[in-house]
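Asker: What follows is structure_11.tsv; its format and atoms are TSV, C-alpha atoms and all ligand atoms.
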```tsv
chain	number	residue	atom	x	y	z
A	176	MET	CA	-58.11	56.74	38.08
A	177	GLY	CA	-54.48	56.13	37.09
A	178	PHE	CA	-51.89	58.83	37.73
A	179	LEU	CA	-54.47	61.33	39.04
A	180	GLU	CA	-55.03	59.22	42.09
A	181	LYS	CA	-53.62	60.60	45.36
A	182	GLN	CA	-52.71	63.87	43.57
A	183	PHE	CA	-55.33	65.93	45.37
A	184	GLU	CA	-56.44	66.40	48.91
A	185	GLU	CA	-59.11	64.19	50.36
A	186	ASN	CA	-62.79	64.88	49.54
A	187	VAL	CA	-61.97	65.39	45.87
A	188	LEU	CA	-63.29	62.77	43.45
A	189	THR	CA	-61.92	62.29	39.99
A	190	THR	CA	-63.94	60.70	37.19
A	191	ARG	CA	-64.37	60.59	33.43
A	192	VAL	CA	-66.71	63.10	31.82
A	193	ASP	CA	-68.39	60.35	29.84
A	194	TRP	CA	-69.02	58.26	32.91
A	195	LEU	CA	-70.41	61.20	34.85
A	196	LEU	CA	-72.69	62.38	32.06
A	197	ASN	CA	-73.96	58.88	31.41
A	198	TRP	CA	-74.55	58.34	35.09
A	199	CYS	CA	-76.57	61.56	35.27
A	200	ARG	CA	-78.58	60.61	32.23
A	201	LEU	CA	-79.36	57.05	33.19
A	202	SER	CA	-80.31	57.96	36.73
A	203	SER	CA	-83.06	60.34	35.69
A	204	ILE	CA	-84.74	59.03	32.58
A	205	TRP	CA	-88.01	60.87	32.60
A	206	PRO	CA	-90.59	58.95	30.61
A	207	MET	CA	-93.43	60.49	28.71
A	208	THR	CA	-96.98	59.58	29.67
A	209	PHE	CA	-97.81	57.54	26.63
A	210	GLY	CA	-100.28	54.73	27.19
A	211	LEU	CA	-102.02	53.60	24.03
A	212	ALA	CA	-103.82	50.41	25.05
A	213	CYS	CA	-103.91	47.63	27.64
A	214	CYS	CA	-100.12	47.64	28.13
A	215	ALA	CA	-100.51	51.09	29.66
A	216	ILE	CA	-102.14	49.46	32.68
A	217	GLU	CA	-98.94	47.56	33.39
A	218	MET	CA	-96.96	50.76	32.87
A	219	MET	CA	-99.16	52.45	35.48
A	220	ALA	CA	-98.57	49.52	37.81
A	221	VAL	CA	-94.83	50.04	37.36
A	222	GLY	CA	-95.28	53.66	38.32
A	223	CYS	CA	-97.20	52.81	41.49
A	224	ALA	CA	-95.88	51.98	44.93
A	225	HIS	CA	-95.58	48.21	44.58
A	226	HIS	CA	-93.10	48.16	41.70
A	227	ASP	CA	-92.09	51.81	41.92
A	228	ILE	CA	-90.08	52.73	38.86
A	229	ASP	CA	-88.97	55.79	40.80
A	230	ARG	CA	-86.33	53.62	42.47
A	231	PHE	CA	-84.46	53.78	39.17
A	232	GLY	CA	-84.98	57.48	38.58
A	233	ALA	CA	-87.66	57.07	35.94
A	234	GLY	CA	-90.73	57.89	37.97
A	235	ALA	CA	-91.42	61.42	36.81
A	236	PHE	CA	-93.92	60.76	34.05
A	237	ARG	CA	-94.12	63.96	32.01
A	238	ALA	CA	-97.21	65.07	30.19
A	239	SER	CA	-95.19	66.96	27.58
A	240	PRO	CA	-92.67	65.60	25.08
A	241	ARG	CA	-90.46	68.62	25.65
A	242	GLN	CA	-89.66	67.52	29.20
A	243	ALA	CA	-89.23	63.82	28.50
A	244	ASP	CA	-86.22	61.67	27.67
A	245	LEU	CA	-87.94	58.37	27.11
A	246	MET	CA	-91.02	57.40	25.19
A	247	ILE	CA	-92.52	54.13	26.42
A	248	ILE	CA	-94.80	53.02	23.59
A	249	ALA	CA	-97.22	51.06	25.79
A	250	GLY	CA	-99.87	49.64	23.53
A	251	THR	CA	-101.27	49.22	20.06
A	252	VAL	CA	-100.11	51.72	17.46
A	253	ASN	CA	-102.54	52.48	14.67
A	254	PHE	CA	-101.97	54.59	11.59
A	255	LYS	CA	-103.84	57.56	12.94
A	256	MET	CA	-101.61	57.54	16.04
A	257	ALA	CA	-98.37	56.65	14.22
A	258	GLU	CA	-98.10	60.08	12.63
A	259	ARG	CA	-98.66	61.74	15.99
A	260	ILE	CA	-96.07	59.46	17.59
A	261	LYS	CA	-93.57	60.58	14.99
A	262	ARG	CA	-94.34	64.21	15.66
A	263	LEU	CA	-94.13	63.81	19.44
A	264	TYR	CA	-90.86	61.92	19.14
A	265	ASP	CA	-89.45	64.72	17.02
A	266	GLN	CA	-90.48	67.22	19.68
A	267	MET	CA	-88.51	65.47	22.43
A	268	PRO	CA	-85.11	66.99	23.20
A	269	GLY	CA	-82.09	64.75	22.70
A	270	PRO	CA	-80.68	62.51	23.93
A	271	LYS	CA	-83.96	60.63	23.60
A	272	TYR	CA	-84.87	57.00	23.84
A	273	ALA	CA	-87.83	54.81	22.98
A	274	ILE	CA	-89.00	51.53	24.47
A	275	ALA	CA	-91.45	49.38	22.50
A	276	MET	CA	-93.47	47.73	25.24
A	277	GLY	CA	-95.41	44.58	24.44
A	278	ALA	CA	-96.19	42.55	21.37
A	279	CYS	CA	-98.27	45.27	19.72
A	280	ALA	CA	-95.63	47.97	19.74
A	281	THR	CA	-92.94	45.46	18.80
A	282	GLY	CA	-94.63	43.88	15.81
A	283	GLY	CA	-98.39	44.27	15.69
A	284	GLY	CA	-99.08	41.57	18.26
A	285	PRO	CA	-102.52	39.96	18.17
A	286	TYR	CA	-103.53	42.36	15.39
A	287	TYR	CA	-100.77	41.28	13.05
A	288	LYS	CA	-102.99	39.48	10.58
A	289	TYR	CA	-106.39	41.17	10.64
A	290	GLY	CA	-105.66	44.53	12.21
A	291	TYR	CA	-106.42	46.75	9.27
A	292	THR	CA	-105.26	49.96	10.91
A	293	VAL	CA	-102.54	48.58	13.20
A	294	VAL	CA	-98.93	49.46	12.43
A	295	LYS	CA	-96.90	46.25	12.48
A	296	GLY	CA	-94.33	47.57	14.90
A	297	VAL	CA	-93.64	51.10	16.04
A	298	ASP	CA	-90.07	50.81	14.67
A	299	ARG	CA	-91.55	51.55	11.25
A	300	VAL	CA	-92.11	55.09	12.46
A	301	ILE	CA	-89.46	55.92	15.08
A	302	PRO	CA	-86.16	54.29	16.15
A	303	VAL	CA	-86.58	51.94	19.10
A	304	ASP	CA	-83.89	51.20	21.69
A	305	VAL	CA	-85.39	48.38	23.71
A	306	TYR	CA	-88.11	45.89	22.80
A	307	ILE	CA	-90.02	44.17	25.60
A	308	ALA	CA	-91.82	40.92	24.87
A	309	GLY	CA	-95.15	39.96	26.40
A	310	CYS	CA	-98.85	40.63	26.05
A	311	PRO	CA	-98.80	42.51	28.31
A	312	PRO	CA	-95.26	42.35	29.77
A	313	ARG	CA	-95.11	41.93	33.53
A	314	PRO	CA	-94.10	45.06	35.42
A	315	GLU	CA	-90.79	43.33	36.18
A	316	ALA	CA	-90.22	43.03	32.45
A	317	LEU	CA	-90.63	46.76	31.97
A	318	LEU	CA	-88.18	47.36	34.81
A	319	GLU	CA	-85.76	44.98	33.14
A	320	GLY	CA	-86.24	46.88	29.89
A	321	LEU	CA	-85.43	50.10	31.69
A	322	MET	CA	-82.25	48.56	33.06
A	323	LYS	CA	-81.29	47.38	29.58
A	324	LEU	CA	-81.72	50.96	28.43
A	325	GLN	CA	-79.57	52.15	31.32
A	326	GLU	CA	-76.88	49.66	30.25
A	327	LYS	CA	-77.07	51.07	26.78
A	328	ILE	CA	-76.74	54.63	28.01
A	329	GLN	CA	-73.78	53.58	30.15
A	330	GLY	CA	-71.94	52.56	27.01
A	331	SER	CA	-72.50	55.81	25.13
A	332	SER	CA	-69.98	58.63	24.79
A	333	ILE	CA	-70.22	62.34	24.05
A	334	ILE	CA	-67.22	62.14	21.73
A	335	ARG	CA	-67.93	58.89	19.97
A	336	LYS	CA	-71.17	58.87	18.05
A	337	PRO	CA	-73.66	56.75	19.96
A	338	ALA	CA	-74.64	53.53	18.27
A	339	ARG	CA	-78.20	54.09	17.09
A	340	THR	CA	-80.31	51.97	14.87
A	341	ALA	CA	-82.40	54.08	12.56
B	51	MET	CA	-143.96	41.72	27.06
B	52	ASP	CA	-142.14	38.73	25.63
B	53	PHE	CA	-141.21	38.46	21.97
B	54	ARG	CA	-144.49	36.82	20.94
B	55	GLY	CA	-146.50	39.58	22.56
B	56	ILE	CA	-144.37	42.27	20.94
B	57	TYR	CA	-144.64	40.60	17.55
B	58	ASP	CA	-148.43	40.29	17.81
B	59	ARG	CA	-148.67	43.94	18.77
B	60	LEU	CA	-146.42	44.92	15.83
B	61	ARG	CA	-148.69	43.02	13.46
B	62	ALA	CA	-151.84	44.47	15.00
B	63	MET	CA	-150.56	48.03	14.61
B	64	LYS	CA	-149.27	47.28	11.08
B	65	ALA	CA	-145.76	48.51	11.88
B	66	PRO	CA	-144.32	50.10	8.73
B	67	GLY	CA	-141.81	48.03	6.79
B	68	MET	CA	-141.98	44.88	8.91
B	69	THR	CA	-141.68	41.79	6.72
B	70	GLY	CA	-141.54	38.95	9.25
B	71	CYS	CA	-139.71	37.53	12.21
B	72	ASP	CA	-137.21	34.81	13.02
B	73	GLU	CA	-137.16	32.87	16.27
B	74	PRO	CA	-134.71	30.34	17.68
B	75	ARG	CA	-135.81	26.74	17.41
B	76	GLU	CA	-134.71	23.24	18.38
B	77	LYS	CA	-133.04	21.18	15.71
B	78	ASN	CA	-135.17	18.63	13.94
B	79	PRO	CA	-134.05	15.12	15.06
B	80	GLU	CA	-135.28	13.59	11.77
B	81	ASP	CA	-133.14	15.87	9.61
B	82	LYS	CA	-129.38	15.34	10.11
B	83	LYS	CA	-128.45	18.53	8.26
B	84	ASP	CA	-130.72	20.74	10.35
B	85	LYS	CA	-128.72	22.59	13.00
B	86	GLY	CA	-131.64	24.49	14.51
B	87	ARG	CA	-131.16	28.13	15.40
B	88	PHE	CA	-129.71	29.68	18.56
B	89	GLY	CA	-129.75	33.25	19.73
B	90	ASP	CA	-132.35	35.95	20.05
B	91	PRO	CA	-135.59	36.30	18.13
B	92	TYR	CA	-135.71	39.31	15.84
B	93	VAL	CA	-138.07	41.03	13.43
B	94	LEU	CA	-137.15	41.76	9.81
B	95	VAL	CA	-137.69	45.31	8.59
B	96	GLU	CA	-137.28	46.93	5.18
B	97	PRO	CA	-134.17	49.17	5.38
B	98	ALA	CA	-135.91	52.00	3.53
B	99	LEU	CA	-138.63	52.10	6.19
B	100	LEU	CA	-136.45	51.61	9.29
B	101	PRO	CA	-136.80	55.21	10.58
B	102	ALA	CA	-140.58	55.04	10.19
B	103	PHE	CA	-140.61	51.69	12.02
B	104	LEU	CA	-138.46	53.04	14.86
B	105	ASP	CA	-140.71	56.05	15.17
B	106	ALA	CA	-143.88	53.95	15.21
B	107	VAL	CA	-142.67	51.54	17.92
B	108	ARG	CA	-141.41	54.46	19.94
B	109	MET	CA	-144.73	56.28	19.92
B	110	ASP	CA	-146.91	53.21	20.47
B	111	ALA	CA	-148.05	53.14	24.11
B	112	HIS	CA	-147.94	49.33	24.39
B	113	LEU	CA	-144.41	49.03	23.03
B	114	ALA	CA	-142.76	52.38	23.92
B	115	PHE	CA	-139.28	51.54	22.66
B	116	GLU	CA	-137.83	54.87	23.61
B	117	MET	CA	-134.17	53.86	23.73
B	118	CYS	CA	-131.91	52.71	20.93
B	119	ILE	CA	-129.26	50.51	22.55
B	120	ASP	CA	-127.27	49.76	19.43
B	121	LEU	CA	-127.22	50.11	15.71
B	122	THR	CA	-124.63	48.00	13.99
B	123	ALA	CA	-124.01	46.06	10.82
B	124	SER	CA	-122.56	42.75	9.80
B	125	ASP	CA	-121.30	41.11	6.64
B	126	PRO	CA	-122.40	37.46	6.98
B	127	SER	CA	-120.33	35.99	4.15
B	128	THR	CA	-118.83	36.67	0.72
B	129	ASP	CA	-121.57	34.57	-0.91
B	130	ASP	CA	-124.35	36.54	0.71
B	131	GLU	CA	-125.89	39.32	-1.34
B	132	ASN	CA	-127.00	41.29	1.69
B	133	LEU	CA	-125.46	43.16	4.58
B	134	TRP	CA	-127.27	43.01	7.88
B	135	VAL	CA	-128.10	46.19	9.74
B	136	ILE	CA	-129.02	45.25	13.28
B	137	VAL	CA	-130.79	47.49	15.77
B	138	GLN	CA	-131.39	46.78	19.46
B	139	LEU	CA	-134.19	48.63	21.19
B	140	LEU	CA	-135.11	48.90	24.85
B	141	SER	CA	-138.29	50.10	26.46
B	142	LEU	CA	-137.60	51.74	29.81
B	143	THR	CA	-141.33	51.97	30.52
B	144	HIS	CA	-142.17	48.31	29.94
B	145	LYS	CA	-138.68	46.86	30.46
B	146	HIS	CA	-138.65	44.79	27.30
B	147	ARG	CA	-136.30	44.58	24.37
B	148	LEU	CA	-136.45	44.04	20.63
B	149	SER	CA	-133.88	43.11	18.00
B	150	ILE	CA	-134.39	44.30	14.44
B	151	LYS	CA	-132.59	43.11	11.36
B	152	CYS	CA	-132.59	44.84	7.98
B	153	LEU	CA	-131.26	43.11	4.89
B	154	LEU	CA	-129.42	45.68	2.81
B	155	PRO	CA	-128.22	44.67	-0.67
B	156	LYS	CA	-124.42	44.92	-1.04
B	157	ALA	CA	-124.83	46.16	-4.60
B	158	ASN	CA	-126.52	49.35	-3.42
B	159	PRO	CA	-126.04	49.83	0.34
B	160	VAL	CA	-128.08	52.97	0.81
B	161	MET	CA	-130.70	53.54	3.51
B	162	PRO	CA	-132.22	56.55	5.25
B	163	THR	CA	-130.71	57.75	8.52
B	164	SER	CA	-132.43	57.04	11.84
B	165	VAL	CA	-130.97	60.12	13.54
B	166	PRO	CA	-134.27	62.12	13.48
B	167	VAL	CA	-135.84	59.35	15.61
B	168	HIS	CA	-132.91	58.39	17.86
B	169	ARG	CA	-130.04	60.84	18.05
B	170	THR	CA	-127.87	58.11	19.58
B	171	CYS	CA	-127.66	56.62	16.11
B	172	GLN	CA	-125.33	59.37	14.91
B	173	TRP	CA	-122.07	57.76	15.95
B	174	HIS	CA	-123.34	54.25	15.32
B	175	GLU	CA	-124.26	55.11	11.77
B	176	ARG	CA	-120.93	56.81	11.19
B	177	GLU	CA	-119.20	53.64	12.29
B	178	CYS	CA	-121.37	51.44	10.05
B	179	ALA	CA	-120.75	53.82	7.17
B	180	GLU	CA	-116.96	53.64	7.36
B	181	MET	CA	-116.71	49.95	8.26
B	182	TYR	CA	-119.23	48.58	5.75
B	183	GLY	CA	-119.55	51.31	3.14
B	184	ILE	CA	-123.21	51.93	3.90
B	185	THR	CA	-124.58	55.34	2.97
B	186	PHE	CA	-127.08	56.76	5.45
B	187	GLU	CA	-129.00	59.36	3.52
B	188	GLY	CA	-129.67	62.56	5.44
B	189	HIS	CA	-127.06	61.93	8.16
B	190	PRO	CA	-126.17	65.29	9.72
B	191	ASP	CA	-122.44	64.60	10.09
B	192	PRO	CA	-121.23	61.86	7.74
B	193	ARG	CA	-117.50	61.95	8.55
B	194	ASN	CA	-115.38	58.96	9.53
B	195	ILE	CA	-115.46	58.36	13.25
B	196	LEU	CA	-112.65	55.86	13.90
B	197	LEU	CA	-110.66	55.52	10.71
B	198	PRO	CA	-108.47	58.28	9.28
B	199	ASP	CA	-110.35	60.67	7.02
B	200	ASP	CA	-108.53	59.57	3.88
B	201	TRP	CA	-108.93	55.82	4.47
B	202	VAL	CA	-109.81	53.77	1.39
B	203	GLY	CA	-112.18	50.80	1.56
B	204	SER	CA	-114.53	49.30	4.12
B	205	PRO	CA	-112.44	47.15	6.47
B	206	LEU	CA	-115.15	44.93	7.91
B	207	ARG	CA	-116.48	43.80	4.54
B	208	LYS	CA	-115.54	40.19	3.89
B	209	ASP	CA	-114.09	41.08	0.49
B	210	TYR	CA	-111.88	43.86	1.89
B	211	GLU	CA	-108.37	44.11	0.44
B	212	PHE	CA	-105.73	45.19	2.96
B	213	PRO	CA	-103.77	48.25	1.81
B	214	GLU	CA	-100.08	47.96	0.90
B	215	GLU	CA	-99.06	51.15	2.65
B	216	TYR	CA	-100.55	54.17	4.34
B	217	HIS	CA	-98.78	57.56	4.25
B	218	GLY	CA	-95.47	55.84	3.58
B	219	ILE	CA	-95.83	53.31	6.44
B	220	SER	CA	-95.77	49.78	5.09
B	221	CYS	CA	-98.78	47.67	6.09
B	222	LYS	CA	-97.36	44.22	5.36
A	401	LIG	S1	-99.28	43.71	23.62
A	401	LIG	FE1	-101.15	42.79	24.46
A	401	LIG	S2	-101.46	43.87	26.39
A	401	LIG	FE2	-100.06	45.12	25.16
A	401	LIG	S3	-101.32	46.57	24.07
A	401	LIG	FE3	-101.04	44.80	22.73
A	401	LIG	S4	-102.82	43.50	23.15
A	401	LIG	FE4	-102.67	44.95	24.83
```
Would you mind writing the file's structure down as structure tokens?

Answerer:
Amino acid sequence: MGFLEKQFEENVLTTRVDWLLNWCRLSSIWPMTFGLACCAIEMMAVGCAHHDIDRFGAGAFRASPRQADLMIIAGTVNFKMAERIKRLYDQMPGPKYAIAMGACATGGGPYYKYGYTVVKGVDRVIPVDVYIAGCPPRPEALLEGLMKLQEKIQGSSIIRKPARTA
Amino acid sequence: MDFRGIYDRLRAMKAPGMTGCDEPREKNPEDKKDKGRFGDPYVLVEPALLPAFLDAVRMDAHLAFEMCIDLTASDPSTDDENLWVIVQLLSLTHKHRLSIKCLLPKANPVMPTSVPVHRTCQWHERECAEMYGITFEGHPDPRNILLPDDWVGSPLRKDYEFPEEYHGISCK
């Protein structure tokens, strides 16, 4: 830590505010319980003992958007739901993140051509940080997506405006 | 009872609205174009008399079809003038089943509701109504069941045009 090093007694750590805040945020990303279709089964598997998303601090699935940091869109989004997704996303306190899990949430998936009420990608309604491919993605893929999100949070700053895609 | 027995009984009791039956058959080896027919046998019923038919086969002691398993519809093709309304019945007393098909003209898809006979039909008819544009006259609660309330068109019709956008969300 440059010139600050060895300036204090032992047992005192020095760090950057950005790094500390980011570390706090990325170590406790609380996801919202948001299973919409078959992908939700894999999300539940990730939450259970075998894959255990709690190892990465994201195991506290909240039943309310007001306590959640991350919305994992696990499943097929239809028009009826899309408006509710938008409202729930708006109710989440910032900083907030969204993961589009699976082919459906990313781009309509198997319903792309004939799904008359399926939204062709949840990014038409809310901004998405990480897209995960697969139908459904393996639990490992969701964990990888979470780590990608953690990488992204690591690079953000409270002074610089975070890079967000609208 | 097997299908033959049920059909004979239906004819003997003069079941209201029944116009005939269709059974699976082997294909004719002489005729190359003949594909035969697979699947279940069914009876054909006039759509306007379907509730009366359901009531009659329910009350008849030999048939006793007291359970409506399914009521659904189908649009066979764009060239076809009719929609199919298909009903599956089960008799818990006699442990036999019956399939019913009604041919409903696409030009005027209106038929009476079967809810007074089988209350299970409520949700099934609501689904048929929104997906195929069928009007069930006398239905107690004719709202959409799956689609949004302000949805335009009947999605499962073969001639359905996909919407461009819905509430500002692009559909393409
Ligand atoms: S991507 Fe596949 S597994 Fe996931 S919700 Fe869609 S159809 Fe189901």

Asker: Check every protein, DNA and RNA residue against ligand LIG 401 (chain A), keep those with an atom at most 7 Å away (counting all atoms listed in the file), and present them as a PDB file with C-alpha atoms, in the frame of the given file.

Answerer:
```pdb
ATOM      1  CA  ALA A 212    -103.820  50.410  25.050  1.00  0.00           C
ATOM      2  CA  CYS A 213    -103.910  47.630  27.640  1.00  0.00           C
ATOM      3  CA  CYS A 214    -100.120  47.640  28.130  1.00  0.00           C
ATOM      4  CA  ALA A 249     -97.220  51.060  25.790  1.00  0.00           C
ATOM      5  CA  GLY A 250     -99.870  49.640  23.530  1.00  0.00           C
ATOM      6  CA  THR A 251    -101.270  49.220  20.060  1.00  0.00           C
ATOM      7  CA  GLY A 277     -95.410  44.580  24.440  1.00  0.00           C
ATOM      8  CA  ALA A 278     -96.190  42.550  21.370  1.00  0.00           C
ATOM      9  CA  CYS A 279     -98.270  45.270  19.720  1.00  0.00           C
ATOM     10  CA  ALA A 280     -95.630  47.970  19.740  1.00  0.00           C
ATOM     11  CA  GLY A 284     -99.080  41.570  18.260  1.00  0.00           C
ATOM     12  CA  PRO A 285    -102.520  39.960  18.170  1.00  0.00           C
ATOM     13  CA  GLY A 309     -95.150  39.960  26.400  1.00  0.00           C
ATOM     14  CA  CYS A 310     -98.850  40.630  26.050  1.00  0.00           C
ATOM     15  CA  PRO A 311     -98.800  42.510  28.310  1.00  0.00           C
TER      16      PRO A 311
END
```

Asker: So that I can see what lies close to stretch 143-157 of chain B, please list as an mmCIF file with C-alpha atoms, in the coordinates of the input the residues with an atom at most 6 Å from it, counting only C-alpha atoms and leaving out residues fewer than 4 positions away in the same chain.

Answerer:
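Result saved to selection19.cif:
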```
data_model
loop_
_atom_site.group_PDB
_atom_site.id
_atom_site.type_symbol
_atom_site.label_atom_id
_atom_site.label_comp_id
_atom_site.auth_asym_id
_atom_site.auth_seq_id
_atom_site.Cartn_x
_atom_site.Cartn_y
_atom_site.Cartn_z
ATOM 1 C CA TYR B 92 -135.710 39.310 15.840
ATOM 2 C CA VAL B 93 -138.070 41.030 13.430
ATOM 3 C CA LEU B 94 -137.150 41.760 9.810
ATOM 4 C CA VAL B 95 -137.690 45.310 8.590
ATOM 5 C CA GLU B 96 -137.280 46.930 5.180
ATOM 6 C CA PRO B 97 -134.170 49.170 5.380
ATOM 7 C CA GLU B 131 -125.890 39.320 -1.340
ATOM 8 C CA ASN B 132 -127.000 41.290 1.690
ATOM 9 C CA LEU B 133 -125.460 43.160 4.580
ATOM 10 C CA TRP B 134 -127.270 43.010 7.880
ATOM 11 C CA VAL B 135 -128.100 46.190 9.740
ATOM 12 C CA ILE B 136 -129.020 45.250 13.280
ATOM 13 C CA VAL B 137 -130.790 47.490 15.770
ATOM 14 C CA GLN B 138 -131.390 46.780 19.460
ATOM 15 C CA LEU B 139 -134.190 48.630 21.190
#
```

Asker: Could you state the separation of atom CA of A:His225 and atom CA of A:Met267 in Å, given to one decimal place?

Answerer: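 Answer for the atom CA of A:His225 to atom CA of A:Met267 separation: 29.0 Å.
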
Asker: Have a look at atom CA of B:His112 and atom CA of B:Met51 and let me know their distance in Å, one decimal.

Answerer: 9.0 Å

Asker: From the set B:Met68, B:Met63, B:Met181, B:Met109, which residue has the shortest atom-to-atom contact distance to B:Asp125, counting all atoms listed in the file?

Answerer: B:Met181

Asker: Find the residue from A:Val293, A:Ala238, A:Val303, A:Leu318 that sits nearest to chain B; use only C-alpha atoms when measuring.

Answerer: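 That would be A:Val293, the residue with the smallest distance to chain B.
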
Asker: Given the point (-128.3, 59.5, 8.5) in the file's coordinates, find the residues that have an atom at most 9 Å from it, counting only C-alpha atoms, and give them as a compact mmCIF listing (two decimals) with C-alpha atoms, in the frame of the given file.

Answerer:
```txt
# COMPACT_ATOMS: atom_id res chain seq x y z
CA MET B 161 -130.70 53.54 3.51
CA PRO B 162 -132.22 56.55 5.25
CA THR B 163 -130.71 57.75 8.52
CA SER B 164 -132.43 57.04 11.84
CA VAL B 165 -130.97 60.12 13.54
CA PRO B 166 -134.27 62.12 13.48
CA CYS B 171 -127.66 56.62 16.11
CA GLN B 172 -125.33 59.37 14.91
CA GLU B 175 -124.26 55.11 11.77
CA ARG B 176 -120.93 56.81 11.19
CA THR B 185 -124.58 55.34 2.97
CA PHE B 186 -127.08 56.76 5.45
CA GLU B 187 -129.00 59.36 3.52
CA GLY B 188 -129.67 62.56 5.44
CA HIS B 189 -127.06 61.93 8.16
CA PRO B 190 -126.17 65.29 9.72
CA ASP B 191 -122.44 64.60 10.09
CA PRO B 192 -121.23 61.86 7.74
```

Asker: List every residue of chain B that has an atom at most 12 Å from any atom of chain A, giving for each one its closest atom pair and the distance in Å to one decimal, counting all atoms listed in the file, sorted by chain and then by ascending residue number, as JSON lines.

Answerer:
```
{"residue": "B:Met181", "atom": "CA", "partner": "A:Tyr291", "partner_atom": "CA", "distance": 10.8}
{"residue": "B:Ile195", "atom": "CA", "partner": "A:Lys255", "partner_atom": "CA", "distance": 11.7}
{"residue": "B:Leu196", "atom": "CA", "partner": "A:Lys255", "partner_atom": "CA", "distance": 9.0}
{"residue": "B:Leu197", "atom": "CA", "partner": "A:Lys255", "partner_atom": "CA", "distance": 7.5}
{"residue": "B:Pro198", "atom": "CA", "partner": "A:Lys255", "partner_atom": "CA", "distance": 5.9}
{"residue": "B:Asp199", "atom": "CA", "partner": "A:Lys255", "partner_atom": "CA", "distance": 9.3}
{"residue": "B:Asp200", "atom": "CA", "partner": "A:Lys255", "partner_atom": "CA", "distance": 10.4}
{"residue": "B:Trp201", "atom": "CA", "partner": "A:Thr292", "partner_atom": "CA", "distance": 9.4}
{"residue": "B:Val202", "atom": "CA", "partner": "A:Tyr291", "partner_atom": "CA", "distance": 11.1}
{"residue": "B:Gly203", "atom": "CA", "partner": "A:Tyr291", "partner_atom": "CA", "distance": 10.4}
{"residue": "B:Ser204", "atom": "CA", "partner": "A:Tyr291", "partner_atom": "CA", "distance": 9.9}
{"residue": "B:Pro205", "atom": "CA", "partner": "A:Tyr291", "partner_atom": "CA", "distance": 6.7}
{"residue": "B:Leu206", "atom": "CA", "partner": "A:Tyr291", "partner_atom": "CA", "distance": 9.0}
{"residue": "B:Arg207", "atom": "CA", "partner": "A:Tyr291", "partner_atom": "CA", "distance": 11.5}
{"residue": "B:Lys208", "atom": "CA", "partner": "A:Tyr289", "partner_atom": "CA", "distance": 11.4}
{"residue": "B:Tyr210", "atom": "CA", "partner": "A:Tyr291", "partner_atom": "CA", "distance": 9.6}
{"residue": "B:Glu211", "atom": "CA", "partner": "A:Tyr291", "partner_atom": "CA", "distance": 9.4}
{"residue": "B:Phe212", "atom": "CA", "partner": "A:Tyr291", "partner_atom": "CA", "distance": 6.5}
{"residue": "B:Pro213", "atom": "CA", "partner": "A:Tyr291", "partner_atom": "CA", "distance": 8.1}
{"residue": "B:Glu214", "atom": "CA", "partner": "A:Tyr291", "partner_atom": "CA", "distance": 10.6}
{"residue": "B:Glu215", "atom": "CA", "partner": "A:Val294", "partner_atom": "CA", "distance": 9.9}
{"residue": "B:Tyr216", "atom": "CA", "partner": "A:Phe254", "partner_atom": "CA", "distance": 7.4}
{"residue": "B:His217", "atom": "CA", "partner": "A:Phe254", "partner_atom": "CA", "distance": 8.5}
{"residue": "B:Gly218", "atom": "CA", "partner": "A:Val300", "partner_atom": "CA", "distance": 9.5}
{"residue": "B:Ile219", "atom": "CA", "partner": "A:Arg299", "partner_atom": "CA", "distance": 6.7}
{"residue": "B:Ser220", "atom": "CA", "partner": "A:Arg299", "partner_atom": "CA", "distance": 7.7}
{"residue": "B:Cys221", "atom": "CA", "partner": "A:Val294", "partner_atom": "CA", "distance": 6.6}
{"residue": "B:Lys222", "atom": "CA", "partner": "A:Lys295", "partner_atom": "CA", "distance": 7.4}
```

Asker: For the selection just defined, write its residues with C-alpha atoms to a file, as an mmCIF file, in the frame of the given file.

Answerer:
```
data_model
loop_
_atom_site.group_PDB
_atom_site.id
_atom_site.type_symbol
_atom_site.label_atom_id
_atom_site.label_comp_id
_atom_site.auth_asym_id
_atom_site.auth_seq_id
_atom_site.Cartn_x
_atom_site.Cartn_y
_atom_site.Cartn_z
ATOM 1 C CA MET B 181 -116.710 49.950 8.260
ATOM 2 C CA ILE B 195 -115.460 58.360 13.250
ATOM 3 C CA LEU B 196 -112.650 55.860 13.900
ATOM 4 C CA LEU B 197 -110.660 55.520 10.710
ATOM 5 C CA PRO B 198 -108.470 58.280 9.280
ATOM 6 C CA ASP B 199 -110.350 60.670 7.020
ATOM 7 C CA ASP B 200 -108.530 59.570 3.880
ATOM 8 C CA TRP B 201 -108.930 55.820 4.470
ATOM 9 C CA VAL B 202 -109.810 53.770 1.390
ATOM 10 C CA GLY B 203 -112.180 50.800 1.560
ATOM 11 C CA SER B 204 -114.530 49.300 4.120
ATOM 12 C CA PRO B 205 -112.440 47.150 6.470
ATOM 13 C CA LEU B 206 -115.150 44.930 7.910
ATOM 14 C CA ARG B 207 -116.480 43.800 4.540
ATOM 15 C CA LYS B 208 -115.540 40.190 3.890
ATOM 16 C CA TYR B 210 -111.880 43.860 1.890
ATOM 17 C CA GLU B 211 -108.370 44.110 0.440
ATOM 18 C CA PHE B 212 -105.730 45.190 2.960
ATOM 19 C CA PRO B 213 -103.770 48.250 1.810
ATOM 20 C CA GLU B 214 -100.080 47.960 0.900
ATOM 21 C CA GLU B 215 -99.060 51.150 2.650
ATOM 22 C CA TYR B 216 -100.550 54.170 4.340
ATOM 23 C CA HIS B 217 -98.780 57.560 4.250
ATOM 24 C CA GLY B 218 -95.470 55.840 3.580
ATOM 25 C CA ILE B 219 -95.830 53.310 6.440
ATOM 26 C CA SER B 220 -95.770 49.780 5.090
ATOM 27 C CA CYS B 221 -98.780 47.670 6.090
ATOM 28 C CA LYS B 222 -97.360 44.220 5.360
#
```
